[in-house]
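> Pasting run_38.cif below, which is mmCIF, N, CA and C atoms and all ligand atoms.
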data_run
loop_
_atom_site.label_atom_id
_atom_site.label_comp_id
_atom_site.auth_asym_id
_atom_site.auth_seq_id
_atom_site.Cartn_x
_atom_site.Cartn_y
_atom_site.Cartn_z
N MET A 1455 121.43 107.92 118.49
CA MET A 1455 121.12 107.21 117.25
C MET A 1455 122.40 106.76 116.57
N LYS A 1456 122.36 105.61 116.06
CA LYS A 1456 123.54 105.05 115.40
C LYS A 1456 123.69 105.68 114.01
N ILE A 1457 124.91 106.09 113.70
CA ILE A 1457 125.16 106.64 112.37
C ILE A 1457 125.35 105.47 111.39
N GLU A 1458 124.55 105.41 110.38
CA GLU A 1458 124.67 104.30 109.44
C GLU A 1458 125.78 104.58 108.43
N THR A 1459 126.45 103.55 108.00
CA THR A 1459 127.45 103.71 106.95
C THR A 1459 126.72 103.95 105.65
N PRO A 1460 127.38 104.63 104.68
CA PRO A 1460 126.72 104.87 103.39
C PRO A 1460 126.23 103.57 102.75
N GLY A 1461 127.01 102.50 102.89
CA GLY A 1461 126.65 101.21 102.30
C GLY A 1461 125.32 100.71 102.84
N THR A 1462 125.18 100.73 104.15
CA THR A 1462 123.96 100.27 104.78
C THR A 1462 122.79 101.14 104.35
N PHE A 1463 123.06 102.45 104.33
CA PHE A 1463 122.01 103.39 103.95
C PHE A 1463 121.56 103.11 102.52
N LEU A 1464 122.52 102.89 101.62
CA LEU A 1464 122.18 102.62 100.22
C LEU A 1464 121.38 101.33 100.08
N SER A 1465 121.80 100.27 100.78
CA SER A 1465 121.05 99.02 100.62
C SER A 1465 119.65 99.18 101.18
N ALA A 1466 119.51 99.97 102.23
CA ALA A 1466 118.18 100.21 102.78
C ALA A 1466 117.33 100.94 101.75
N LEU A 1467 117.95 101.94 101.12
CA LEU A 1467 117.25 102.68 100.06
C LEU A 1467 116.84 101.76 98.93
N THR A 1468 117.78 100.91 98.49
CA THR A 1468 117.51 100.00 97.39
C THR A 1468 116.36 99.08 97.76
N ALA A 1469 116.40 98.53 98.96
CA ALA A 1469 115.35 97.61 99.40
C ALA A 1469 114.01 98.33 99.39
N ALA A 1470 113.99 99.57 99.89
CA ALA A 1470 112.74 100.32 99.94
C ALA A 1470 112.23 100.59 98.53
N ALA A 1471 113.15 100.96 97.64
CA ALA A 1471 112.74 101.27 96.27
C ALA A 1471 112.22 100.02 95.57
N LEU A 1472 112.88 98.89 95.80
CA LEU A 1472 112.45 97.65 95.17
C LEU A 1472 111.06 97.28 95.65
N THR A 1473 110.82 97.43 96.94
CA THR A 1473 109.51 97.12 97.49
C THR A 1473 108.48 98.00 96.82
N ALA A 1474 108.80 99.28 96.64
CA ALA A 1474 107.87 100.20 96.01
C ALA A 1474 107.58 99.76 94.58
N VAL A 1475 108.63 99.35 93.87
CA VAL A 1475 108.46 98.92 92.48
C VAL A 1475 107.56 97.69 92.41
N LEU A 1476 107.86 96.73 93.30
CA LEU A 1476 107.11 95.47 93.25
C LEU A 1476 105.65 95.69 93.63
N ALA A 1477 105.39 96.74 94.41
CA ALA A 1477 104.03 96.98 94.88
C ALA A 1477 103.14 97.59 93.79
N VAL A 1478 103.75 98.12 92.73
CA VAL A 1478 102.96 98.75 91.66
C VAL A 1478 102.36 97.66 90.77
N PRO A 1479 101.05 97.64 90.60
CA PRO A 1479 100.47 96.65 89.69
C PRO A 1479 100.97 96.91 88.27
N PRO A 1480 101.26 95.86 87.51
CA PRO A 1480 101.87 96.04 86.19
C PRO A 1480 101.11 97.00 85.29
N LYS A 1481 99.79 97.00 85.36
CA LYS A 1481 99.02 97.81 84.42
C LYS A 1481 99.25 99.31 84.60
N THR A 1482 99.50 99.73 85.85
CA THR A 1482 99.65 101.16 86.09
C THR A 1482 101.11 101.61 85.97
N ALA A 1483 102.04 100.67 85.80
CA ALA A 1483 103.44 101.05 85.73
C ALA A 1483 103.71 101.80 84.42
N ALA A 1484 104.13 103.06 84.56
CA ALA A 1484 104.36 103.90 83.38
C ALA A 1484 105.47 103.33 82.51
N ALA A 1485 106.41 102.61 83.14
CA ALA A 1485 107.55 102.07 82.40
C ALA A 1485 107.10 101.11 81.29
N GLN A 1486 105.90 100.58 81.40
CA GLN A 1486 105.42 99.63 80.39
C GLN A 1486 105.37 100.25 78.99
N GLN A 1487 105.06 101.52 78.92
CA GLN A 1487 104.94 102.17 77.61
C GLN A 1487 106.29 102.48 76.99
N THR A 1488 107.27 102.69 77.83
CA THR A 1488 108.59 103.09 77.36
C THR A 1488 109.50 101.86 77.31
N THR A 1489 110.11 101.62 76.16
CA THR A 1489 111.02 100.48 76.09
C THR A 1489 112.36 100.87 76.72
N PRO A 1490 113.13 99.88 77.19
CA PRO A 1490 114.45 100.17 77.74
C PRO A 1490 115.34 100.89 76.73
N ALA A 1491 115.17 100.58 75.44
CA ALA A 1491 115.97 101.27 74.42
C ALA A 1491 115.64 102.77 74.43
N ASP A 1492 114.37 103.11 74.62
CA ASP A 1492 113.99 104.53 74.75
C ASP A 1492 114.68 105.15 75.95
N LEU A 1493 114.66 104.42 77.06
CA LEU A 1493 115.29 104.92 78.30
C LEU A 1493 116.77 105.18 78.08
N ALA A 1494 117.42 104.26 77.40
CA ALA A 1494 118.86 104.39 77.17
C ALA A 1494 119.15 105.62 76.32
N ARG A 1495 118.28 105.87 75.32
CA ARG A 1495 118.48 107.05 74.48
C ARG A 1495 118.19 108.32 75.27
N ARG A 1496 117.07 108.31 75.98
CA ARG A 1496 116.64 109.51 76.69
C ARG A 1496 117.63 109.89 77.79
N ASN A 1497 118.27 108.90 78.40
CA ASN A 1497 119.19 109.19 79.49
C ASN A 1497 120.65 109.30 79.04
N ALA A 1498 120.83 109.42 77.73
CA ALA A 1498 122.17 109.66 77.18
C ALA A 1498 123.16 108.53 77.43
N CYS A 1499 122.67 107.34 77.74
CA CYS A 1499 123.58 106.20 77.89
C CYS A 1499 124.34 105.97 76.59
N MET A 1500 123.63 106.22 75.45
CA MET A 1500 124.21 105.90 74.17
C MET A 1500 125.29 106.92 73.76
N ALA A 1501 125.46 107.99 74.55
CA ALA A 1501 126.55 108.91 74.29
C ALA A 1501 127.88 108.23 74.60
N CYS A 1502 127.87 107.31 75.53
CA CYS A 1502 129.11 106.63 75.93
C CYS A 1502 129.12 105.15 75.58
N HIS A 1503 127.95 104.55 75.43
CA HIS A 1503 127.89 103.10 75.19
C HIS A 1503 127.40 102.81 73.78
N GLY A 1504 128.04 101.86 73.11
CA GLY A 1504 127.50 101.30 71.89
C GLY A 1504 126.69 100.08 72.26
N LEU A 1505 125.83 99.65 71.35
CA LEU A 1505 125.09 98.42 71.61
C LEU A 1505 126.04 97.23 71.63
N VAL A 1506 127.01 97.25 70.70
CA VAL A 1506 127.87 96.09 70.55
C VAL A 1506 129.30 96.38 71.01
N HIS A 1507 129.90 97.42 70.44
CA HIS A 1507 131.34 97.63 70.65
C HIS A 1507 131.62 98.69 71.71
N LYS A 1508 132.84 98.64 72.22
CA LYS A 1508 133.29 99.63 73.19
C LYS A 1508 133.36 101.01 72.55
N GLN A 1509 132.83 102.00 73.27
CA GLN A 1509 133.06 103.39 72.87
C GLN A 1509 133.78 104.02 74.05
N VAL A 1510 133.11 104.93 74.78
CA VAL A 1510 133.72 105.41 76.02
C VAL A 1510 133.63 104.31 77.07
N GLY A 1511 132.46 103.70 77.13
CA GLY A 1511 132.24 102.57 78.03
C GLY A 1511 132.05 101.29 77.22
N PRO A 1512 131.97 100.16 77.90
CA PRO A 1512 131.82 98.87 77.20
C PRO A 1512 130.51 98.80 76.41
N GLY A 1513 130.54 98.05 75.31
CA GLY A 1513 129.32 97.81 74.55
C GLY A 1513 128.35 96.98 75.37
N PHE A 1514 127.06 97.17 75.14
CA PHE A 1514 126.08 96.44 75.94
C PHE A 1514 126.16 94.93 75.70
N VAL A 1515 126.51 94.53 74.49
CA VAL A 1515 126.69 93.10 74.24
C VAL A 1515 127.89 92.57 75.06
N GLN A 1516 128.95 93.38 75.13
CA GLN A 1516 130.12 92.97 75.92
C GLN A 1516 129.75 92.79 77.39
N ILE A 1517 128.92 93.70 77.89
CA ILE A 1517 128.49 93.59 79.29
C ILE A 1517 127.68 92.32 79.47
N ALA A 1518 126.76 92.06 78.53
CA ALA A 1518 125.92 90.86 78.62
C ALA A 1518 126.77 89.60 78.62
N GLU A 1519 127.80 89.57 77.74
CA GLU A 1519 128.67 88.40 77.65
C GLU A 1519 129.43 88.19 78.97
N ARG A 1520 129.90 89.28 79.53
CA ARG A 1520 130.72 89.18 80.73
C ARG A 1520 129.95 88.60 81.91
N TYR A 1521 128.66 88.96 82.00
CA TYR A 1521 127.90 88.53 83.18
C TYR A 1521 126.91 87.42 82.87
N ARG A 1522 127.01 86.80 81.68
CA ARG A 1522 126.11 85.71 81.34
C ARG A 1522 126.20 84.61 82.40
N GLY A 1523 125.05 84.19 82.92
CA GLY A 1523 125.05 83.13 83.92
C GLY A 1523 125.24 83.63 85.35
N ASP A 1524 125.40 84.94 85.50
CA ASP A 1524 125.55 85.54 86.84
C ASP A 1524 124.18 86.05 87.29
N GLY A 1525 123.54 85.31 88.15
CA GLY A 1525 122.17 85.62 88.59
C GLY A 1525 122.06 86.92 89.37
N GLU A 1526 123.17 87.37 89.93
CA GLU A 1526 123.15 88.59 90.73
C GLU A 1526 123.38 89.83 89.88
N ALA A 1527 123.76 89.63 88.61
CA ALA A 1527 124.23 90.76 87.81
C ALA A 1527 123.17 91.83 87.62
N ALA A 1528 121.93 91.44 87.39
CA ALA A 1528 120.89 92.43 87.10
C ALA A 1528 120.76 93.44 88.24
N ALA A 1529 120.69 92.93 89.46
CA ALA A 1529 120.55 93.83 90.61
C ALA A 1529 121.81 94.66 90.81
N ARG A 1530 122.97 94.02 90.64
CA ARG A 1530 124.22 94.74 90.86
C ARG A 1530 124.41 95.86 89.85
N LEU A 1531 124.13 95.56 88.58
CA LEU A 1531 124.32 96.58 87.55
C LEU A 1531 123.29 97.70 87.68
N ALA A 1532 122.08 97.36 88.09
CA ALA A 1532 121.08 98.41 88.30
C ALA A 1532 121.61 99.41 89.32
N GLY A 1533 122.25 98.91 90.37
CA GLY A 1533 122.85 99.78 91.37
C GLY A 1533 123.97 100.61 90.79
N LYS A 1534 124.80 99.97 89.95
CA LYS A 1534 125.96 100.68 89.40
C LYS A 1534 125.54 101.74 88.38
N ILE A 1535 124.42 101.54 87.72
CA ILE A 1535 123.95 102.55 86.78
C ILE A 1535 123.67 103.85 87.55
N ARG A 1536 123.06 103.72 88.71
CA ARG A 1536 122.75 104.92 89.49
C ARG A 1536 123.94 105.44 90.29
N ASP A 1537 124.84 104.54 90.68
CA ASP A 1537 125.95 104.97 91.53
C ASP A 1537 127.21 105.30 90.76
N GLY A 1538 127.26 104.91 89.48
CA GLY A 1538 128.47 105.12 88.70
C GLY A 1538 129.42 103.95 88.90
N SER A 1539 130.49 103.95 88.11
CA SER A 1539 131.41 102.80 88.16
C SER A 1539 132.77 103.23 87.64
N VAL A 1540 133.79 102.61 88.15
CA VAL A 1540 135.13 102.77 87.60
C VAL A 1540 135.95 101.55 88.00
N GLY A 1541 136.88 101.16 87.12
CA GLY A 1541 137.79 100.08 87.48
C GLY A 1541 137.35 98.69 87.08
N THR A 1542 136.12 98.55 86.63
CA THR A 1542 135.67 97.22 86.22
C THR A 1542 136.11 96.91 84.80
N TRP A 1543 136.08 97.94 83.95
CA TRP A 1543 136.44 97.76 82.54
C TRP A 1543 137.71 98.52 82.18
N GLY A 1544 138.12 99.40 83.02
CA GLY A 1544 139.29 100.22 82.71
C GLY A 1544 139.30 101.41 83.64
N ARG A 1545 140.03 102.44 83.24
CA ARG A 1545 140.20 103.56 84.16
C ARG A 1545 139.27 104.72 83.86
N VAL A 1546 138.40 104.56 82.84
CA VAL A 1546 137.46 105.63 82.55
C VAL A 1546 136.28 105.52 83.51
N ILE A 1547 135.89 106.67 84.03
CA ILE A 1547 134.81 106.70 85.03
C ILE A 1547 133.45 106.78 84.35
N MET A 1548 132.52 105.98 84.80
CA MET A 1548 131.12 106.22 84.44
C MET A 1548 130.51 107.04 85.58
N PRO A 1549 130.08 108.28 85.26
CA PRO A 1549 129.50 109.11 86.32
C PRO A 1549 128.18 108.51 86.81
N ARG A 1550 127.82 108.81 88.04
CA ARG A 1550 126.54 108.31 88.54
C ARG A 1550 125.39 108.93 87.74
N GLN A 1551 124.38 108.12 87.48
CA GLN A 1551 123.25 108.54 86.66
C GLN A 1551 122.03 108.71 87.57
N THR A 1552 122.06 109.79 88.33
CA THR A 1552 121.02 109.95 89.36
C THR A 1552 119.66 110.34 88.78
N GLN A 1553 119.65 110.73 87.49
CA GLN A 1553 118.37 111.07 86.86
C GLN A 1553 117.56 109.80 86.57
N VAL A 1554 118.23 108.65 86.63
CA VAL A 1554 117.57 107.37 86.35
C VAL A 1554 116.93 106.86 87.64
N SER A 1555 115.64 106.53 87.59
CA SER A 1555 114.98 106.00 88.78
C SER A 1555 115.41 104.57 89.02
N GLU A 1556 115.13 104.08 90.21
CA GLU A 1556 115.47 102.70 90.56
C GLU A 1556 114.81 101.71 89.59
N ALA A 1557 113.56 101.95 89.27
CA ALA A 1557 112.83 101.05 88.36
C ALA A 1557 113.42 101.11 86.96
N GLU A 1558 113.78 102.32 86.52
CA GLU A 1558 114.39 102.46 85.19
C GLU A 1558 115.75 101.77 85.15
N ALA A 1559 116.51 101.90 86.23
CA ALA A 1559 117.83 101.26 86.28
C ALA A 1559 117.68 99.74 86.18
N ARG A 1560 116.68 99.21 86.85
CA ARG A 1560 116.40 97.77 86.79
C ARG A 1560 116.08 97.35 85.35
N ALA A 1561 115.18 98.12 84.72
CA ALA A 1561 114.78 97.80 83.35
C ALA A 1561 115.99 97.89 82.42
N LEU A 1562 116.80 98.92 82.60
CA LEU A 1562 117.99 99.09 81.76
C LEU A 1562 118.96 97.93 81.96
N SER A 1563 119.21 97.56 83.21
CA SER A 1563 120.21 96.51 83.44
C SER A 1563 119.71 95.18 82.89
N GLN A 1564 118.42 94.88 83.04
CA GLN A 1564 117.91 93.63 82.48
C GLN A 1564 117.99 93.63 80.95
N TRP A 1565 117.71 94.80 80.37
CA TRP A 1565 117.76 94.91 78.92
C TRP A 1565 119.19 94.75 78.41
N ILE A 1566 120.13 95.41 79.10
CA ILE A 1566 121.54 95.30 78.70
C ILE A 1566 122.00 93.85 78.79
N LEU A 1567 121.62 93.17 79.87
CA LEU A 1567 122.06 91.78 80.06
C LEU A 1567 121.40 90.82 79.06
N SER A 1568 120.32 91.26 78.42
CA SER A 1568 119.64 90.38 77.45
C SER A 1568 120.18 90.56 76.03
N GLN A 1569 121.15 91.47 75.86
CA GLN A 1569 121.67 91.74 74.52
C GLN A 1569 122.42 90.51 73.98
N GLN A 1570 122.19 90.23 72.71
CA GLN A 1570 122.86 89.10 72.05
C GLN A 1570 123.82 89.65 71.00
N PRO A 1571 124.97 89.01 70.83
CA PRO A 1571 125.88 89.46 69.79
C PRO A 1571 125.23 89.33 68.41
N PRO A 1572 125.49 90.26 67.49
CA PRO A 1572 124.92 90.17 66.15
C PRO A 1572 125.46 88.93 65.45
N ARG A 1573 124.61 88.27 64.67
CA ARG A 1573 125.05 87.07 63.93
C ARG A 1573 125.13 87.37 62.47
C1 LIG B 1601 130.05 109.61 80.43
C2 LIG B 1601 130.00 108.29 79.80
C3 LIG B 1601 128.94 107.30 80.28
C4 LIG B 1601 127.58 107.47 80.35
C5 LIG B 1601 126.76 108.73 80.06
C6 LIG B 1601 127.04 106.20 80.77
N1 LIG B 1601 128.03 105.27 80.94
FE1 LIG B 1601 127.82 103.34 81.55
N2 LIG B 1601 129.84 103.13 81.62
C7 LIG B 1601 130.76 104.09 81.22
C8 LIG B 1601 132.11 103.60 81.49
C9 LIG B 1601 133.40 104.36 81.22
C10 LIG B 1601 131.95 102.31 82.06
C11 LIG B 1601 133.06 101.39 82.59
C12 LIG B 1601 133.22 101.67 84.08
C13 LIG B 1601 134.17 100.73 84.79
O1 LIG B 1601 135.18 100.35 84.23
O2 LIG B 1601 133.87 100.37 85.96
C14 LIG B 1601 130.52 102.04 82.11
C15 LIG B 1601 129.96 100.85 82.59
C16 LIG B 1601 128.61 100.54 82.54
C17 LIG B 1601 128.02 99.27 82.93
C18 LIG B 1601 128.81 98.03 83.40
C19 LIG B 1601 129.20 98.17 84.86
C20 LIG B 1601 129.93 96.92 85.34
O3 LIG B 1601 130.09 96.80 86.56
O4 LIG B 1601 130.33 96.06 84.55
C21 LIG B 1601 126.68 99.38 82.72
C22 LIG B 1601 125.63 98.30 82.99
C23 LIG B 1601 126.42 100.71 82.24
N3 LIG B 1601 127.61 101.40 82.14
C24 LIG B 1601 125.17 101.21 81.93
C25 LIG B 1601 124.91 102.54 81.63
C26 LIG B 1601 123.57 103.09 81.46
C27 LIG B 1601 122.28 102.28 81.54
C28 LIG B 1601 123.70 104.43 81.20
C29 LIG B 1601 122.62 105.48 81.02
C30 LIG B 1601 121.69 105.64 82.11
C31 LIG B 1601 125.14 104.70 81.19
N4 LIG B 1601 125.82 103.54 81.44
C32 LIG B 1601 125.68 105.95 80.95
C33 LIG B 1601 130.48 105.34 80.69
C34 LIG B 1601 129.22 105.92 80.66
#
Represent the supplied structure as structure tokens.
Ligand code: HEC


Amino acid sequence: MKIETPGTFLSALTAAALTAVLAVPPKTAAAQQTTPADLARRNACMACHGLVHKQVGPGFVQIAERYRGDGEAAARLAGKIRDGSVGTWGRVIMPRQTQVSEAEARALSQWILSQQPPR
């Protein structure tokens, strides 16, 4: 049997999880009741992230501004929420958030990317 690289294994996992998410009819999806803001609070994202300004990690508005117009960003950031990140914004590490499900990570990344700067 061929040993798969972690990258291949992860993309296979992601693809499988996405298929599972898409297969759930919207009415039965539990995520419908919980807003992404609830998810962000419950998963302690707000311990490191501000909505607007940088705290330990970049503000969610800053993230939205950086990736505005990048069609791939939602999927990429959903992956990074679960896998962790370092080096994109600086040298502080964002630990992997494995308590967040694939579907929750998707909802969070779309919500973060939809943030608008306060007027
Ligand atoms: C321990 C602090 C910490 C926690 C908890 C944390 N983050 Fe982060 N986050 C960071 C740091 C630091 C960065 C910048 C990492 C880098 O430079 O690559 C970051 C970056 C990000 C990015 C941008 C990644 C990129 O490639 O631009 C997103 C999106 C994000 N976090 C979402 C979340 C979400 C959603 C949660 C909660 C499930 C969360 N973070 C929890 C510290 C944290």

> What residues have any atom no more than 6 Å from ligand LIG 1601 (chain B) when counting all atoms listed in the file, and can you list them as an mmCIF file with N, CA and C atoms, keeping the file's coordinate frame?


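Writing the result to selection.cif gives the following:
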data_model
loop_
_atom_site.group_PDB
_atom_site.id
_atom_site.type_symbol
_atom_site.label_atom_id
_atom_site.label_comp_id
_atom_site.auth_asym_id
_atom_site.auth_seq_id
_atom_site.Cartn_x
_atom_site.Cartn_y
_atom_site.Cartn_z
ATOM 1 N N ALA A 1494 117.420 104.260 77.400
ATOM 2 C CA ALA A 1494 118.860 104.390 77.170
ATOM 3 C C ALA A 1494 119.150 105.620 76.320
ATOM 4 N N ASN A 1497 118.270 108.900 78.400
ATOM 5 C CA ASN A 1497 119.190 109.190 79.490
ATOM 6 C C ASN A 1497 120.650 109.300 79.040
ATOM 7 N N ALA A 1498 120.830 109.420 77.730
ATOM 8 C CA ALA A 1498 122.170 109.660 77.180
ATOM 9 C C ALA A 1498 123.160 108.530 77.430
ATOM 10 N N CYS A 1499 122.670 107.340 77.740
ATOM 11 C CA CYS A 1499 123.580 106.200 77.890
ATOM 12 C C CYS A 1499 124.340 105.970 76.590
ATOM 13 N N MET A 1500 123.630 106.220 75.450
ATOM 14 C CA MET A 1500 124.210 105.900 74.170
ATOM 15 C C MET A 1500 125.290 106.920 73.760
ATOM 16 N N ALA A 1501 125.460 107.990 74.550
ATOM 17 C CA ALA A 1501 126.550 108.910 74.290
ATOM 18 C C ALA A 1501 127.880 108.230 74.600
ATOM 19 N N CYS A 1502 127.870 107.310 75.530
ATOM 20 C CA CYS A 1502 129.110 106.630 75.930
ATOM 21 C C CYS A 1502 129.120 105.150 75.580
ATOM 22 N N HIS A 1503 127.950 104.550 75.430
ATOM 23 C CA HIS A 1503 127.890 103.100 75.190
ATOM 24 C C HIS A 1503 127.400 102.810 73.780
ATOM 25 N N VAL A 1510 133.110 104.930 74.780
ATOM 26 C CA VAL A 1510 133.720 105.410 76.020
ATOM 27 C C VAL A 1510 133.630 104.310 77.070
ATOM 28 N N GLY A 1511 132.460 103.700 77.130
ATOM 29 C CA GLY A 1511 132.240 102.570 78.030
ATOM 30 C C GLY A 1511 132.050 101.290 77.220
ATOM 31 N N PRO A 1512 131.970 100.160 77.900
ATOM 32 C CA PRO A 1512 131.820 98.870 77.200
ATOM 33 C C PRO A 1512 130.510 98.800 76.410
ATOM 34 N N LEU A 1531 124.130 95.560 88.580
ATOM 35 C CA LEU A 1531 124.320 96.580 87.550
ATOM 36 C C LEU A 1531 123.290 97.700 87.680
ATOM 37 N N ILE A 1535 124.420 101.540 87.720
ATOM 38 C CA ILE A 1535 123.950 102.550 86.780
ATOM 39 C C ILE A 1535 123.670 103.850 87.550
ATOM 40 N N SER A 1539 130.490 103.950 88.110
ATOM 41 C CA SER A 1539 131.410 102.800 88.160
ATOM 42 C C SER A 1539 132.770 103.230 87.640
ATOM 43 N N VAL A 1540 133.790 102.610 88.150
ATOM 44 C CA VAL A 1540 135.130 102.770 87.600
ATOM 45 C C VAL A 1540 135.950 101.550 88.000
ATOM 46 N N GLY A 1541 136.880 101.160 87.120
ATOM 47 C CA GLY A 1541 137.790 100.080 87.480
ATOM 48 C C GLY A 1541 137.350 98.690 87.080
ATOM 49 N N THR A 1542 136.120 98.550 86.630
ATOM 50 C CA THR A 1542 135.670 97.220 86.220
ATOM 51 C C THR A 1542 136.110 96.910 84.800
ATOM 52 N N TRP A 1543 136.080 97.940 83.950
ATOM 53 C CA TRP A 1543 136.440 97.760 82.540
ATOM 54 C C TRP A 1543 137.710 98.520 82.180
ATOM 55 N N GLY A 1544 138.120 99.400 83.020
ATOM 56 C CA GLY A 1544 139.290 100.220 82.710
ATOM 57 C C GLY A 1544 139.300 101.410 83.640
ATOM 58 N N ARG A 1545 140.030 102.440 83.240
ATOM 59 C CA ARG A 1545 140.200 103.560 84.160
ATOM 60 C C ARG A 1545 139.270 104.720 83.860
ATOM 61 N N VAL A 1546 138.400 104.560 82.840
ATOM 62 C CA VAL A 1546 137.460 105.630 82.550
ATOM 63 C C VAL A 1546 136.280 105.520 83.510
ATOM 64 N N ILE A 1547 135.890 106.670 84.030
ATOM 65 C CA ILE A 1547 134.810 106.700 85.030
ATOM 66 C C ILE A 1547 133.450 106.780 84.350
ATOM 67 N N MET A 1548 132.520 105.980 84.800
ATOM 68 C CA MET A 1548 131.120 106.220 84.440
ATOM 69 C C MET A 1548 130.510 107.040 85.580
ATOM 70 N N PRO A 1549 130.080 108.280 85.260
ATOM 71 C CA PRO A 1549 129.500 109.110 86.320
ATOM 72 C C PRO A 1549 128.180 108.510 86.810
ATOM 73 N N GLN A 1551 124.380 108.120 87.480
ATOM 74 C CA GLN A 1551 123.250 108.540 86.660
ATOM 75 C C GLN A 1551 122.030 108.710 87.570
ATOM 76 N N LEU A 1562 116.800 98.920 82.600
ATOM 77 C CA LEU A 1562 117.990 99.090 81.760
ATOM 78 C C LEU A 1562 118.960 97.930 81.960
ATOM 79 N N SER A 1563 119.210 97.560 83.210
ATOM 80 C CA SER A 1563 120.210 96.510 83.440
ATOM 81 C C SER A 1563 119.710 95.180 82.890
#

> So that I can check the surroundings of Arg1530 (chain A), please list as a list in words every protein, DNA and RNA residue that reaches within 12 Å of it, counting only C-alpha atoms and ignoring chain neighbours fewer than 6 positions away.

Ser1465, Thr1468, Tyr1521, Asp1524, Arg1536, Asp1537, Gly1538, Ser1539, Glu1556, Ala1559, Arg1560, Leu1562, Ser1563, Gln1564 and Leu1567 of chain A

> Could you work out how far atom C of Arg1495 (chain A) lies from atom N of Trp1565 (chain A), giving the answer in Å with one decimal?

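Between these atoms lies a distance of 14.5 Å.
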
> Mind giving me the straight-line distance from atom N of Arg1522 (chain A) to atom N of Ser1568 (chain A) in Å, one decimal?

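These atoms are spaced 8.7 Å apart.
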
> Just checking: using all atoms listed in the file, which residue out of A:Gln1487, A:Leu1505, A:Leu1493, A:Phe1514 ends up closest to Ile1566 (chain A)?

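Using all atoms listed in the file, the shortest distance to Ile1566 (chain A) belongs to A:Phe1514.
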